[in-house]
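Trainee: For reference, this is query06.csv, and it has CSV, C-alpha atoms.
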```csv
chain,number,residue,atom,x,y,z
A,1,MET,CA,91.3,-32.6,261.8
A,2,VAL,CA,88.9,-30.1,260.3
A,3,ARG,CA,90.4,-28.2,257.4
A,4,LYS,CA,89.6,-24.5,257.0
A,5,PRO,CA,88.1,-23.6,253.7
A,6,ASN,CA,90.6,-22.1,251.2
A,7,VAL,CA,89.5,-18.5,250.6
A,8,SER,CA,91.4,-16.8,247.8
A,9,ARG,CA,92.5,-13.2,248.0
A,10,VAL,CA,90.2,-12.4,245.2
A,11,GLY,CA,87.3,-13.8,247.2
A,12,VAL,CA,88.2,-11.7,250.2
A,13,ALA,CA,88.5,-8.6,248.0
A,14,MET,CA,85.1,-9.3,246.5
A,15,ALA,CA,83.5,-9.8,250.0
A,16,MET,CA,85.0,-6.6,251.3
A,17,HIS,CA,83.8,-4.8,248.2
A,18,CYS,CA,80.2,-6.0,248.8
A,19,LEU,CA,80.3,-5.1,252.5
A,20,GLY,CA,81.7,-1.7,251.6
A,21,THR,CA,78.9,-1.1,249.0
A,22,ARG,CA,76.3,-2.1,251.5
A,23,ALA,CA,77.8,0.2,254.1
A,24,LEU,CA,77.8,3.1,251.6
A,25,SER,CA,74.2,2.4,250.6
A,26,TRP,CA,73.2,2.3,254.3
A,27,ALA,CA,75.0,5.6,255.0
A,28,ALA,CA,73.4,7.2,252.0
A,29,ALA,CA,70.0,6.1,253.1
A,30,ARG,CA,70.7,7.5,256.6
A,31,ALA,CA,72.2,10.8,255.4
A,32,PRO,CA,70.0,13.8,256.3
A,33,ARG,CA,68.2,15.3,253.3
A,34,LEU,CA,69.0,18.9,252.4
A,35,VAL,CA,66.9,21.3,250.5
A,36,LEU,CA,67.8,24.6,248.8
A,37,GLY,CA,64.8,26.9,249.0
A,38,ILE,CA,64.3,29.9,246.7
A,39,GLU,CA,61.7,32.7,247.3
A,40,THR,CA,60.8,35.5,244.9
A,41,SER,CA,57.0,35.8,245.2
A,42,CYS,CA,56.9,39.5,245.9
A,43,ASP,CA,59.6,41.9,246.9
A,44,ASP,CA,62.1,39.8,248.8
A,45,THR,CA,64.8,37.8,247.1
A,46,ALA,CA,65.7,35.0,249.5
A,47,ALA,CA,67.4,31.6,249.6
A,48,ALA,CA,68.3,29.1,252.3
A,49,VAL,CA,69.6,25.6,252.8
A,50,VAL,CA,67.8,23.6,255.5
A,51,CYS,CA,68.3,20.0,256.6
A,52,GLU,CA,65.4,17.7,257.6
A,53,ALA,CA,66.2,18.1,261.3
A,54,GLY,CA,65.1,21.8,260.9
A,55,THR,CA,68.6,23.2,261.1
A,56,VAL,CA,69.3,26.2,258.9
A,57,LEU,CA,72.7,25.6,257.4
A,58,GLY,CA,72.8,28.8,255.3
A,59,GLU,CA,70.6,31.7,254.3
A,60,ALA,CA,70.7,35.0,252.4
A,61,LEU,CA,68.1,37.7,251.6
A,62,HIS,CA,68.0,40.9,249.6
A,63,SER,CA,65.2,43.2,250.7
A,64,GLN,CA,63.7,45.7,248.2
A,65,LYS,CA,61.9,47.6,251.0
A,66,GLU,CA,63.8,50.8,250.7
A,67,THR,CA,63.2,51.0,246.9
A,68,HIS,CA,59.5,50.5,247.2
A,69,LEU,CA,59.1,52.8,250.2
A,70,LYS,CA,60.5,55.6,248.1
A,71,ALA,CA,58.1,54.7,245.2
A,72,GLY,CA,55.1,54.6,247.6
A,73,GLY,CA,54.4,51.0,246.9
A,74,ILE,CA,55.6,47.9,245.0
A,75,ILE,CA,56.0,48.4,241.3
A,76,PRO,CA,56.0,44.8,239.7
A,77,PRO,CA,58.5,45.5,236.9
A,78,VAL,CA,60.9,47.1,239.3
A,79,ALA,CA,60.6,44.2,241.7
A,80,GLN,CA,61.3,41.8,238.8
A,81,ARG,CA,64.4,43.7,237.7
A,82,LEU,CA,65.8,43.7,241.3
A,83,HIS,CA,65.1,39.9,241.6
A,84,ARG,CA,67.0,39.3,238.4
A,85,GLU,CA,69.9,41.5,239.5
A,86,HIS,CA,70.3,39.8,243.0
A,87,LEU,CA,69.0,36.3,242.8
A,88,ASP,CA,72.1,34.5,241.7
A,89,ARG,CA,74.2,36.3,244.3
A,90,VAL,CA,71.6,35.5,247.0
A,91,VAL,CA,71.6,31.8,246.1
A,92,GLN,CA,75.4,31.6,246.0
A,93,GLU,CA,75.6,33.4,249.3
A,94,ALA,CA,73.2,30.9,251.0
A,95,MET,CA,75.1,28.0,249.5
A,96,ASP,CA,78.5,29.4,250.6
A,97,ASN,CA,77.1,30.1,254.1
A,98,SER,CA,75.9,26.5,254.4
A,99,GLY,CA,79.2,25.0,253.4
A,100,VAL,CA,77.2,22.5,251.3
A,101,PRO,CA,78.2,21.9,247.6
A,102,LEU,CA,75.2,22.1,245.2
A,103,ASN,CA,75.7,18.4,244.2
A,104,GLU,CA,75.0,17.4,247.9
A,105,VAL,CA,71.6,19.1,248.0
A,106,THR,CA,68.7,16.6,247.8
A,107,ALA,CA,66.3,18.8,246.0
A,108,ILE,CA,65.5,22.4,245.1
A,109,ALA,CA,62.2,24.0,246.3
A,110,THR,CA,60.9,27.2,244.8
A,111,THR,CA,57.8,29.4,245.3
A,112,ILE,CA,55.7,29.1,242.1
A,113,LYS,CA,52.3,30.4,243.5
A,114,PRO,CA,50.6,32.7,244.5
A,115,GLY,CA,52.3,36.1,244.1
A,116,LEU,CA,53.3,38.8,241.7
A,117,ALA,CA,53.6,37.2,238.2
A,118,LEU,CA,56.8,39.0,237.2
A,119,SER,CA,58.5,38.1,240.5
A,120,LEU,CA,57.4,34.4,240.4
A,121,GLN,CA,58.7,34.2,236.8
A,122,VAL,CA,62.2,35.1,237.9
A,123,GLY,CA,62.4,32.5,240.6
A,124,LEU,CA,61.0,29.7,238.5
A,125,GLU,CA,63.2,30.4,235.4
A,126,TYR,CA,66.3,30.6,237.6
A,127,SER,CA,65.4,27.4,239.4
A,128,LEU,CA,64.7,25.4,236.2
A,129,LYS,CA,68.1,26.4,234.8
A,130,LEU,CA,69.8,25.3,238.1
A,131,ILE,CA,67.9,22.0,238.1
A,132,GLU,CA,69.0,21.3,234.5
A,133,GLN,CA,72.6,22.1,235.6
A,134,CYS,CA,72.8,19.9,238.7
A,135,LYS,CA,70.2,17.2,237.8
A,136,LYS,CA,68.2,17.5,241.1
A,137,PRO,CA,64.5,17.0,241.8
A,138,PHE,CA,62.3,20.1,241.8
A,139,ILE,CA,59.7,20.8,244.5
A,140,PRO,CA,57.2,23.6,243.5
A,141,VAL,CA,55.9,25.4,246.6
A,142,HIS,CA,52.6,27.1,247.4
A,143,HIS,CA,53.7,30.3,249.3
A,144,MET,CA,50.8,30.1,251.8
A,145,GLU,CA,51.4,26.4,252.5
A,146,ALA,CA,55.0,27.3,253.3
A,147,HIS,CA,53.9,30.0,255.8
A,148,ALA,CA,51.5,27.6,257.4
A,149,LEU,CA,54.1,24.8,257.9
A,150,THR,CA,57.0,26.9,259.1
A,151,ILE,CA,56.1,26.5,262.8
A,152,ARG,CA,56.7,22.7,262.4
A,153,MET,CA,60.4,23.4,261.8
A,154,LEU,CA,60.6,25.1,265.2
A,155,GLN,CA,58.3,23.1,267.5
A,156,SER,CA,56.1,20.0,267.7
A,157,VAL,CA,52.8,21.0,266.1
A,158,GLU,CA,51.0,17.9,264.8
A,159,PHE,CA,48.3,17.8,262.2
A,160,PRO,CA,45.5,18.9,262.2
A,161,PHE,CA,45.7,22.5,263.4
A,162,LEU,CA,43.9,25.8,262.7
A,163,VAL,CA,46.0,28.4,260.8
A,164,LEU,CA,45.5,32.1,260.3
A,165,LEU,CA,47.7,33.5,257.6
A,166,ILE,CA,47.9,37.3,257.5
A,167,SER,CA,50.2,39.3,255.3
A,168,GLY,CA,50.4,42.1,252.7
A,169,GLY,CA,48.9,39.9,250.0
A,170,HIS,CA,46.8,37.4,251.8
A,171,SER,CA,44.4,36.8,254.7
A,172,LEU,CA,42.8,33.4,255.3
A,173,LEU,CA,41.7,30.9,257.9
A,174,ALA,CA,42.2,27.2,257.2
A,175,VAL,CA,42.5,23.8,258.9
A,176,ALA,CA,45.8,22.1,258.0
A,177,ARG,CA,45.2,18.4,257.9
A,178,GLY,CA,48.4,17.4,256.2
A,179,VAL,CA,51.4,18.8,254.2
A,180,ASP,CA,49.2,19.6,251.2
A,181,ASP,CA,45.7,19.0,252.7
A,182,PHE,CA,43.9,22.2,253.8
A,183,LEU,CA,40.2,23.1,254.4
A,184,LEU,CA,39.7,26.8,253.7
A,185,LEU,CA,37.2,28.4,256.2
A,186,GLY,CA,37.5,32.0,255.1
A,187,GLN,CA,39.6,34.5,253.2
A,188,THR,CA,39.7,38.2,252.4
A,189,LEU,CA,37.0,39.4,250.0
A,190,ASP,CA,39.0,42.4,248.9
A,191,GLU,CA,42.4,43.4,250.2
A,192,ALA,CA,44.8,41.9,252.8
A,193,PRO,CA,45.4,43.5,256.2
A,194,GLY,CA,49.1,44.3,255.5
A,195,ASP,CA,48.1,46.1,252.3
A,196,THR,CA,45.5,48.1,254.2
A,197,LEU,CA,48.0,49.1,256.9
A,198,ASP,CA,50.5,50.2,254.2
A,199,LYS,CA,47.9,52.3,252.3
A,200,ILE,CA,46.7,54.0,255.5
A,201,ALA,CA,50.3,54.7,256.4
A,202,ARG,CA,50.9,56.3,253.0
A,203,ARG,CA,47.7,58.4,253.4
A,204,LEU,CA,48.9,59.6,256.7
A,205,SER,CA,52.3,60.5,255.1
A,206,LEU,CA,54.1,58.5,257.8
A,207,LYS,CA,57.3,58.3,255.6
A,208,ASN,CA,57.7,62.0,256.6
A,209,HIS,CA,57.5,61.1,260.3
A,210,PRO,CA,61.1,61.3,261.6
A,211,ALA,CA,60.7,58.1,263.6
A,212,CYS,CA,59.0,56.1,260.8
A,213,CYS,CA,60.8,57.1,257.6
A,214,THR,CA,62.6,53.7,257.3
A,215,MET,CA,59.7,51.6,258.4
A,216,SER,CA,57.1,49.7,256.3
A,217,GLY,CA,53.6,51.0,256.7
A,218,GLY,CA,52.6,48.2,259.1
A,219,GLU,CA,55.6,48.8,261.2
A,220,ALA,CA,54.9,52.5,261.4
A,221,ILE,CA,51.3,52.0,262.4
A,222,GLU,CA,52.3,49.6,265.2
A,223,TYR,CA,55.1,52.0,266.4
A,224,LEU,CA,52.8,55.1,266.6
A,225,ALA,CA,49.9,53.1,268.0
A,226,ARG,CA,51.9,52.4,271.2
A,227,THR,CA,51.5,56.1,272.2
A,228,GLY,CA,48.1,56.7,270.7
A,229,ASN,CA,44.6,56.6,272.3
A,230,ARG,CA,42.3,54.5,270.1
A,231,LEU,CA,39.2,55.8,271.9
A,232,HIS,CA,39.8,59.3,270.4
A,233,VAL,CA,39.0,57.9,266.9
A,234,GLU,CA,35.8,55.9,266.1
A,235,ILE,CA,36.1,53.2,263.4
A,236,ARG,CA,33.4,50.7,262.8
A,237,GLU,CA,34.4,47.0,262.7
A,238,PRO,CA,34.1,45.5,259.2
A,239,MET,CA,31.5,42.9,258.4
A,240,SER,CA,30.0,42.8,261.9
A,241,HIS,CA,26.7,41.5,260.6
A,242,HIS,CA,28.2,38.7,258.4
A,243,ILE,CA,28.2,35.4,260.3
A,244,ASP,CA,31.1,33.8,258.5
A,245,CYS,CA,34.9,33.6,258.6
A,246,ASP,CA,35.7,35.9,255.6
A,247,PHE,CA,37.5,39.2,256.0
A,248,SER,CA,37.2,42.6,254.5
A,249,PHE,CA,39.6,45.6,254.9
A,250,SER,CA,38.8,48.0,252.1
A,251,GLY,CA,35.8,49.4,253.8
A,252,LEU,CA,37.9,50.1,256.9
A,253,ARG,CA,40.4,51.9,254.8
A,254,ASN,CA,37.7,54.0,253.2
A,255,GLN,CA,36.4,55.0,256.7
A,256,VAL,CA,39.9,56.0,257.8
A,257,ASN,CA,40.4,58.0,254.6
A,258,LEU,CA,37.3,60.0,255.4
A,259,ILE,CA,38.4,60.6,259.0
A,260,ILE,CA,41.9,61.7,257.8
A,261,ALA,CA,40.3,64.2,255.2
A,262,LYS,CA,38.1,65.6,257.9
A,263,LYS,CA,41.0,66.0,260.4
A,264,GLU,CA,43.2,67.6,257.7
A,265,LYS,CA,40.4,70.2,257.0
A,266,GLU,CA,40.0,70.9,260.7
A,267,GLU,CA,43.8,71.4,261.2
A,268,GLY,CA,44.3,73.2,257.9
A,269,ILE,CA,47.3,71.1,257.0
A,270,GLN,CA,48.8,70.6,253.5
A,271,ASP,CA,49.4,67.4,251.6
A,272,GLY,CA,52.4,65.5,253.1
A,273,GLN,CA,52.1,67.2,256.5
A,274,LEU,CA,51.4,65.1,259.7
A,275,LEU,CA,48.2,65.3,261.6
A,276,SER,CA,48.5,66.0,265.3
A,277,CYS,CA,46.3,63.0,266.1
A,278,VAL,CA,48.3,60.6,263.9
A,279,ASN,CA,49.1,58.3,266.9
A,280,ASP,CA,45.4,58.1,267.8
A,281,ILE,CA,44.4,57.1,264.3
A,282,ALA,CA,47.2,54.5,264.2
A,283,ALA,CA,46.0,53.0,267.5
A,284,ALA,CA,42.3,52.9,266.3
A,285,VAL,CA,43.3,51.3,263.0
A,286,GLN,CA,45.5,48.7,264.6
A,287,HIS,CA,42.8,47.8,267.2
A,288,THR,CA,40.0,47.5,264.6
A,289,VAL,CA,42.2,45.2,262.4
A,290,ALA,CA,43.0,43.1,265.4
A,291,VAL,CA,39.4,42.8,266.6
A,292,HIS,CA,38.2,41.9,263.0
A,293,LEU,CA,40.9,39.1,262.8
A,294,ALA,CA,40.1,37.9,266.3
A,295,LYS,CA,36.4,37.6,265.9
A,296,ARG,CA,36.6,35.7,262.6
A,297,THR,CA,39.2,33.4,264.1
A,298,HIS,CA,36.9,32.9,267.1
A,299,ARG,CA,34.1,31.7,264.8
A,300,ALA,CA,36.6,29.4,263.0
A,301,ILE,CA,37.5,27.8,266.3
A,302,LEU,CA,33.8,27.3,267.1
A,303,PHE,CA,33.2,25.8,263.7
A,304,CYS,CA,36.2,23.4,264.0
A,305,LYS,CA,34.9,22.3,267.4
A,306,LYS,CA,31.4,21.7,265.9
A,307,GLU,CA,32.8,19.7,263.0
A,308,ASP,CA,35.4,17.9,265.2
A,309,PHE,CA,38.2,19.1,262.9
A,310,LEU,CA,40.7,19.6,265.7
A,311,PRO,CA,42.1,17.1,268.3
A,312,GLN,CA,40.5,17.1,271.8
A,313,SER,CA,43.9,17.3,273.4
A,314,ASN,CA,46.3,20.2,272.6
A,315,PRO,CA,44.4,21.9,269.8
A,316,ALA,CA,46.5,24.6,268.2
A,317,LEU,CA,46.2,27.9,266.3
A,318,VAL,CA,49.2,28.8,264.1
A,319,VAL,CA,49.5,32.4,263.1
A,320,SER,CA,52.0,33.3,260.3
A,321,GLY,CA,52.6,35.9,257.6
A,322,GLY,CA,54.1,39.3,257.8
A,323,VAL,CA,51.2,40.8,259.9
A,324,ALA,CA,51.8,38.1,262.5
A,325,SER,CA,54.9,40.2,263.5
A,326,ASN,CA,52.5,42.8,265.0
A,327,GLU,CA,52.6,42.2,268.8
A,328,TYR,CA,49.3,43.9,269.5
A,329,ILE,CA,47.4,41.7,267.0
A,330,ILE,CA,49.0,38.5,268.5
A,331,LYS,CA,48.0,39.6,272.1
A,332,VAL,CA,44.4,40.1,271.0
A,333,LEU,CA,44.4,36.7,269.3
A,334,GLN,CA,45.8,35.2,272.5
A,335,ILE,CA,42.7,36.3,274.4
A,336,VAL,CA,40.6,34.2,272.0
A,337,THR,CA,42.8,31.1,272.1
A,338,GLU,CA,43.0,31.2,275.9
A,339,ALA,CA,39.2,31.5,276.2
A,340,ASN,CA,38.8,28.4,273.9
A,341,GLY,CA,41.5,26.2,275.2
A,342,LEU,CA,43.9,26.4,272.2
A,343,SER,CA,47.6,27.1,272.2
A,344,LEU,CA,48.8,30.0,270.0
A,345,ASN,CA,51.9,29.3,268.0
A,346,CYS,CA,53.7,31.9,266.0
A,347,PRO,CA,57.1,31.9,264.3
A,348,PRO,CA,59.5,34.6,265.2
A,349,PRO,CA,59.2,37.8,263.2
A,350,LYS,CA,62.1,36.9,260.9
A,351,LEU,CA,60.2,33.8,259.8
A,352,CYS,CA,56.8,35.5,259.6
A,353,THR,CA,57.9,37.7,256.7
A,354,ASP,CA,58.9,36.1,253.3
A,355,ASN,CA,62.1,34.1,253.5
A,356,GLY,CA,64.0,31.3,251.9
A,357,ILE,CA,64.0,29.2,255.0
A,358,MET,CA,60.2,28.5,255.0
A,359,ILE,CA,60.4,27.5,251.3
A,360,ALA,CA,63.3,25.0,252.0
A,361,TRP,CA,61.4,23.6,255.0
A,362,ASN,CA,58.3,23.1,252.8
A,363,GLY,CA,60.6,21.1,250.5
A,364,ILE,CA,61.6,19.0,253.5
A,365,GLU,CA,58.0,18.4,254.5
A,366,ARG,CA,57.1,17.3,250.9
A,367,LEU,CA,60.2,15.1,250.7
A,368,ARG,CA,59.2,13.3,253.9
A,369,ALA,CA,55.6,12.9,252.7
A,370,GLY,CA,56.7,11.9,249.1
A,371,ILE,CA,54.4,14.6,247.7
A,372,GLY,CA,55.0,16.9,244.7
A,373,ILE,CA,58.6,15.9,243.9
A,374,LEU,CA,59.2,16.5,240.2
A,375,HIS,CA,62.0,14.9,238.2
A,376,ASN,CA,60.9,16.5,234.9
A,377,PRO,CA,59.6,19.9,235.7
A,378,LYS,CA,59.8,21.5,232.3
A,379,ALA,CA,56.0,21.8,232.0
A,380,ILE,CA,55.6,23.6,235.4
A,381,ARG,CA,54.2,27.1,235.3
A,382,TYR,CA,53.9,29.9,237.9
A,383,GLU,CA,50.4,30.8,239.1
A,384,PRO,CA,49.9,34.4,240.4
A,385,LYS,CA,46.5,33.4,241.9
A,386,ALA,CA,46.2,30.0,243.6
A,387,PRO,CA,43.6,28.9,246.2
A,388,LEU,CA,44.7,26.9,249.2
A,389,GLY,CA,42.8,23.7,249.8
A,390,ILE,CA,39.1,22.8,249.7
A,391,ASN,CA,36.8,25.8,250.2
A,392,LEU,CA,34.3,25.3,253.0
A,393,SER,CA,33.4,29.0,253.4
A,394,GLU,CA,29.8,28.4,252.3
A,395,GLN,CA,29.5,25.6,254.9
A,396,VAL,CA,30.8,28.0,257.6
A,397,ARG,CA,28.2,30.6,256.5
A,398,ARG,CA,25.4,28.1,256.7
A,399,ALA,CA,26.4,27.1,260.2
A,400,ALA,CA,25.7,30.7,261.3
A,401,LEU,CA,27.7,30.5,264.5
A,402,LYS,CA,27.4,33.5,266.8
A,403,VAL,CA,30.6,34.5,268.5
A,404,PRO,CA,30.1,35.1,272.3
A,405,TYR,CA,31.4,38.3,273.7
A,406,LEU,CA,35.0,38.6,274.7
A,407,LYS,CA,36.7,41.6,276.1
A,408,LEU,CA,39.3,42.2,273.4
A,409,LYS,CA,41.2,45.0,275.1
A,410,ILE,CA,44.9,45.1,275.8
```
Would you mind writing the file out in structure tokens?

Mentor:
Amino acid sequence: MVRKPNVSRVGVAMAMHCLGTRALSWAAARAPRLVLGIETSCDDTAAAVVCEAGTVLGEALHSQKETHLKAGGIIPPVAQRLHREHLDRVVQEAMDNSGVPLNEVTAIATTIKPGLALSLQVGLEYSLKLIEQCKKPFIPVHHMEAHALTIRMLQSVEFPFLVLLISGGHSLLAVARGVDDFLLLGQTLDEAPGDTLDKIARRLSLKNHPACCTMSGGEAIEYLARTGNRLHVEIREPMSHHIDCDFSFSGLRNQVNLIIAKKEKEEGIQDGQLLSCVNDIAAAVQHTVAVHLAKRTHRAILFCKKEDFLPQSNPALVVSGGVASNEYIIKVLQIVTEANGLSLNCPPPKLCTDNGIMIAWNGIERLRAGIGILHNPKAIRYEPKAPLGINLSEQVRRAALKVPYLKLKI
């Protein structure tokens, strides 16, 4: 007769405890990671909680648009004050909407570069206090990197891909090779397209147009352009003789200012009044911006093919940033991508403009890659100016690639 071993109750309890501990450890390892993202780089106060599956669990945003529209532009000290007044409420609202307690968040990600210094300061100082309180890792985020990677939360876009980032503060073309690995092919030499559109809208007094009084400058230009005839106003394309991927928009704006002054004199209108041809000017401006972006992007595609930077199968162009909300510009870019065998991928307008979701998602990307996760972030500083990646613009210039003619008409 084989006797069963004598297992004491204490032994059983210890065995069950070990099994339970292992099960808990396994469950913890399998639990989805959650990131709280905080964005204050310019004039939007935003926060969101996102899980690594790409699900937005909670978000909140306070827009300063109305305040800055009345002022005729963003005033940094005012933006800073409004961030300070609303950030705590916005973060709390995002957390409440998510249903996730702060102690269950894996990490906190915050924009620290580039942007308005006074605005970045608010977000960073708030985040450092929150991290000290909850003892969570900190993930500093590059604002343009976050814009570039947002599309990967929504659909399968594998590295490497070409990215065009266009907004009120930035304009650049880069190859995204990894989460924090970018090759910069070109960037604006002066102002960004969104800034140019806003300034032209102010010069046209579009805030006095009954249909545009609550719109941003870019939104107003796009709205009026739908019923304008661009052929009635002649605007030269910027940098047409420069064989590179850099952008310039200040010269375009100066051209338009001269056209407006001439038309005002012809029509005898006073400051603040609307020109009769305002829709035509809007259409011509929008088309010229779109063509300038499209031709530089076309050259970037040719350069990427020459250098074998993009995959042979399913190469992709990602377009993001606030100006990517402009449907006309996207349609013109689509002509270029279709002619060159690339897919065009663009987040929905809500995720093109600044938001907390893209910052939280960038945190998820960095957690997955194990990059830039700080456990002692006290020495971290915000950076108003910060390049993205390795600059290859001189190499692009030396390649001197001519862009073949495409009919860029909608």

Trainee: Distance CA of Glu365 in chain A-CA of Ala300 in chain A, one decimal place?

Mentor: 25.5 Å

Trainee: Kindly give the distance, in Å, that separates CA of Val403 in chain A and CA of Arg299 in chain A, rounded to a single decimal.

Mentor: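 If I compute the distance from CA of Val403 in chain A to CA of Arg299 in chain A, I get 5.8 Å.
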
Trainee: Enter the distance from CA of Ile281 in chain A to CA of Val233 in chain A, in Å, rounded to one decimal.

Mentor: 6.0 Å

Trainee: Contacts of Phe309 in chain A at 12 Å or less, counting all atoms listed in the file, minus same-chain residues fewer than 3 places along, as number ranges by chain?

Mentor: A: 159-162, 174-177, 182-183, 185, 300-306, 312, 315-316

Trainee: Return the single residue from A:Ala339, A:Ala369, A:Glu52, A:Val90 that is closest to Val179 in chain A, with distances computed using all atoms listed in the file.

Mentor: A:Ala369

Trainee: Calculated over all atoms listed in the file, which of the candidates A:Asp244, A:Glu145, A:Asp308, A:Asp96 has the smallest distance to Gly321 in chain A?

Mentor: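 Counting all atoms listed in the file, the residue closest to Gly321 in chain A is A:Glu145.
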
Trainee: Check the smallest atom-to-atom distance from each of A:Arg226, A:Lys135, A:Lys113, A:Arg381 to Asn326 in chain A using only C-alpha atoms, then report the winner.

Mentor: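 The answer is A:Arg226, which sits nearest to Asn326 in chain A.
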
Trainee: Using only C-alpha atoms, find the one residue out of A:Asn340, A:Ser205, A:Gln155, A:Thr106 that sits nearest to Lys136 in chain A.

Mentor: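 Ranking A:Asn340, A:Ser205, A:Gln155, A:Thr106 by distance to Lys136 in chain A, first place goes to A:Thr106.
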
Trainee: Using only C-alpha atoms, which of A:Thr188, A:Ser276, A:Gln121, A:Ser325 sits nearest Gly251 in chain A?

Mentor: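 Nearest candidate to Gly251 in chain A out of A:Thr188, A:Ser276, A:Gln121, A:Ser325: A:Thr188.
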
Trainee: List as number ranges by chain the protein and nucleic acid residues near Ala294 in chain A, meaning an atom at most 7 Å away when only C-alpha atoms are counted, but skip any in the same chain fewer than 3 places from it.

Mentor: A: 290-291, 297-298, 332-333, 336

Trainee: Closest to Ile235 in chain A among A:Lys265, A:His287, A:Tyr382, A:Gln273, using only C-alpha atoms?

Mentor: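 Residue with the minimum atom-to-atom distance to Ile235 in chain A: A:His287.
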
Trainee: Might you pull out every residue within 7 Å of range 252-263 of chain A, with only C-alpha atoms counted and same-chain residues fewer than 4 positions away left off, and present them as a list in words?

Mentor: Thr196, Ile200, Ile235, Pro238 and Glu267 of chain A
